[in-house]
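Visitor: Here's a structure for you.
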Amino acid sequence: MSRSATVYARVTPEIKDQAEQVYNELGISMTSAVEVFLRASIRERGFPFPVNLTRHSLPSACTKEEIDTALREAFVSMENGKSFTNEEVKEHLRAKYGIKSL
């Protein structure tokens, strides 16, 4: 049995360069990073991070006016004594955006 095997993967040069920069900062090689990923995949018996086909329908970037309006409405609600507990906010996000864990 050989002491190592070769894995070939095609990626864009930009992705490769960016990843190498990150791994250089961490003090590891691309080879070590791939091995870490593969070992984590084995340990998790799948991807070592969530992989989903659906995206949460979170709002896209807001305009300054939309943010200002939302903040004004929030301040008025607070001044009128309307507030929400942390659990109420989490439940709202779960229901509206289908977020399972917060």
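Every chain in the structure tokens takes a letter, A first, then B, and so on in the order presented; its residues are numbered from 1, and the ligands are numbered from 1 following the presented order.
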So that I can check the secondary structure, give me every residue of chain A assigned helix (DSSP H, G or I) by backbone DSSP, as a PyMOL selection string.
Guide: chain A and resi 13-26+30-44+64-79+86-97
Visitor: Rank nothing, just name the residue among A:Ala74, A:Thr31, A:Glu65, A:Gly81 nearest to Tyr8 of chain A, using only C-alpha atoms.
Guide: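 The shortest atom-to-atom distance to Tyr8 of chain A comes from A:Thr31.
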Visitor: Could you tell me which of A:Val34, A:Val76, A:Ala95, A:Leu53 comes closest to Ala9 of chain A if we count only C-alpha atoms?
Guide: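 Using only C-alpha atoms, the shortest distance to Ala9 of chain A belongs to A:Val34.
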Visitor: Would you list the contacts of Leu38 of chain A as a list in words, taking every protein, DNA or RNA residue within 9 Å and counting only C-alpha atoms, but skipping same-chain residues closer than 4 positions in sequence?
Guide: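 Within the cut-off, the hits are Ala33, Val34, Ile42, Arg43, Phe47 and Pro48 of chain A.
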Visitor: Selection from above, N, CA and C atoms, as a PDB file, in the first residue's frame, can you write it?
Guide:
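Saved result, selection-v2.pdb, follows:
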ATOM      1  N   ALA A  33      -4.613  21.340   4.180  1.00  0.00           N
ATOM      2  CA  ALA A  33      -5.984  21.828   4.291  1.00  0.00           C
ATOM      3  C   ALA A  33      -6.963  20.823   3.684  1.00  0.00           C
ATOM      4  N   VAL A  34      -6.611  20.257   2.531  1.00  0.00           N
ATOM      5  CA  VAL A  34      -7.481  19.262   1.904  1.00  0.00           C
ATOM      6  C   VAL A  34      -7.578  18.031   2.794  1.00  0.00           C
ATOM      7  N   ILE A  42     -14.869  12.475   6.916  1.00  0.00           N
ATOM      8  CA  ILE A  42     -14.937  11.092   7.406  1.00  0.00           C
ATOM      9  C   ILE A  42     -15.545  11.068   8.807  1.00  0.00           C
ATOM     10  N   ARG A  43     -15.064  11.952   9.665  1.00  0.00           N
ATOM     11  CA  ARG A  43     -15.553  12.011  11.047  1.00  0.00           C
ATOM     12  C   ARG A  43     -17.050  12.311  11.085  1.00  0.00           C
ATOM     13  N   PHE A  47     -20.358  16.222   4.694  1.00  0.00           N
ATOM     14  CA  PHE A  47     -19.664  17.505   4.730  1.00  0.00           C
ATOM     15  C   PHE A  47     -19.502  17.954   6.177  1.00  0.00           C
ATOM     16  N   PRO A  48     -18.378  18.556   6.502  1.00  0.00           N
ATOM     17  CA  PRO A  48     -18.172  19.005   7.886  1.00  0.00           C
ATOM     18  C   PRO A  48     -18.819  20.364   8.161  1.00  0.00           C
TER      19      PRO A  48
END
Visitor: Figure out the distance between atom CA of Glu44 of chain A and atom CA of Ile15 of chain A, please, to one decimal in Å.
Guide: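 Pair atom CA of Ile15 of chain A / atom CA of Glu44 of chain A returns 24.9 Å.
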Visitor: Atom CA of Asn86 of chain A and atom CA of Ile99 of chain A, how far apart in Å?
Guide: 14.9 Å
